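Asks: Structure incoming, see below.
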Amino acid sequence: DTGVSQNPRHKITKRGQNVTFRCDPISEHNRLYWYRQTLGQGPEFLTYFQNEAQLEKSRLLSDRFSAERPKGSFSTLEIQRTEQGDSAMYLCASSGPGQGYEQYFGPGTRLTVT
Amino acid sequence: QKEVEQDPGPLSVPEGAIVSLNCTYSNSAFQYFMWYRQYSRKGPELLMYTYSSGNKEDGRFTAQVDKSSKYISLFIRDSQPSDSATYLCASLNRDDKIIFGKGTRLHILP
């Protein structure tokens with residue numbers, strides 16, 4: 001199975017610490033998306049890449065958040081100085097070129113900030 | 001007003017019944033509509049997508065879009081306990097971002 005993978009699956013951190021998540025997309029997909037999902041809500045868009053270029057960032061993505069996709073393959077999402085409000089499921093998805101309607105999601109990283 | 005509205009449920013139906021899940025959307029420019037299934041503490045799984053108005057069938061699942069009323073539906077025939085999950089309707093905006101509804105929690109009772 002060569003689906004989207006995410007690591008770690010769970011992360012518990014103390015407020016103020018930095019965390020980094022990794023996403024490995026489906027190998028032939030050039031688009032990679034990050035979403036955040038809180039309890040009882042649908043996923044909300046954070047940012048996306050086409051190859052290594054970050055094309056758009058949501059207003060939800062404060063200055064404490066940064067995402068990279070250095071070689072157009074895997075991506076990392078870093079949150080600096082975590083706050084309790086950052087507790088959520090962080091989801092990664094990928095799609096082929098021009099196929100944003102067919103995004104495949106990974107299992108997510110559940111972040112708990114204590 | 002959220003761009004995609006969905007009743008969060010929960011919706012409980014007996015096994016074998018036909019399930020009807022519905023959403024509305026506000027942006028008439030939306031052309032692609034998707035349904036995702038999400039089990040507890042898992043990532044969303046793409047069930048199917050449709051383009052513009054019309055029906056699309058895949059096994060026990062049928063997706064229906066009525067652009068004139070901005071209404072999106074998913075029908076599940078012969079529902080099974082394994083269909084118990086949260087169902088997310090979604091639309092793709094012009095920037096290729098998915099706009100999700102809140103999801104409807106579905107329980108299929110054995």
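In the structure tokens, chains take the letters A, B, ... in the order shown, each chain's residues start at 1, and ligands count up from 1 in the order shown.
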Using only C-alpha atoms, select each residue of chain A with any atom at most 7 Å away from an atom of chain B, and give the selection as a list in words.

Replies: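 The selection requested is Gly40, Gln41, Gly42, Pro43, Phe45, Leu91, Gly100, Tyr101, Tyr104, Phe105, Gly106, Pro107 and Gly108 of chain A.
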
Asks: Please run DSSP on the backbone and report, as a VMD selection string, all residues within stretch 3-91 of chain B that come out as strand (DSSP E).

Replies: chain B and resid 4 to 6 11 to 14 19 to 25 32 to 38 45 to 51 54 to 58 61 to 66 71 to 76 85 to 91

Asks: Fewer than 4 positions away in the same chain doesn't count, so skip those; otherwise give me all residues within 9 Å of stretch 53-64 of chain A, counting only C-alpha atoms, as a PyMOL selection string.

Replies: (chain A and resi 44-49+68-70+72+78-82) or (chain B and resi 95)

Asks: How many Å separate atom CA of B:Tyr71 from atom CA of B:Ser53?

Replies: 9.5 Å

Asks: Set the distance at 9 Å and use only C-alpha atoms: which residues neighbour stretch 6-8 of chain A once local chain neighbours fewer than 3 positions away are removed? I'd like the list as a list in words.

Replies: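 That gives Lys11, Thr20, Phe21, Arg22, Cys23, Asp24, Pro25, Leu91, Cys92, Gly106, Pro107, Gly108, Thr109 and Arg110 of chain A.
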
Asks: Selection from above, C-alpha atoms, as a PDB file, in the first residue's frame, can you write it?

Replies:
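File out18.pdb, as written:
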```
ATOM      1  CA  LYS A  11       2.219  13.868  19.830  1.00  0.00           C
ATOM      2  CA  THR A  20       7.421  18.975  13.787  1.00  0.00           C
ATOM      3  CA  PHE A  21       5.249  16.613  11.771  1.00  0.00           C
ATOM      4  CA  ARG A  22       6.129  14.760   8.609  1.00  0.00           C
ATOM      5  CA  CYS A  23       4.005  13.760   5.631  1.00  0.00           C
ATOM      6  CA  ASP A  24       4.976  11.393   2.820  1.00  0.00           C
ATOM      7  CA  PRO A  25       2.547  11.719  -0.102  1.00  0.00           C
ATOM      8  CA  LEU A  91      -3.993  15.989   8.216  1.00  0.00           C
ATOM      9  CA  CYS A  92      -1.936  15.739   5.075  1.00  0.00           C
ATOM     10  CA  GLY A 106      -3.145  10.308   5.462  1.00  0.00           C
ATOM     11  CA  PRO A 107      -4.086   9.005   8.913  1.00  0.00           C
ATOM     12  CA  GLY A 108      -3.270  12.321  10.561  1.00  0.00           C
ATOM     13  CA  THR A 109      -1.118  13.414  13.492  1.00  0.00           C
ATOM     14  CA  ARG A 110      -3.069  14.076  16.665  1.00  0.00           C
TER      15      ARG A 110
END
```
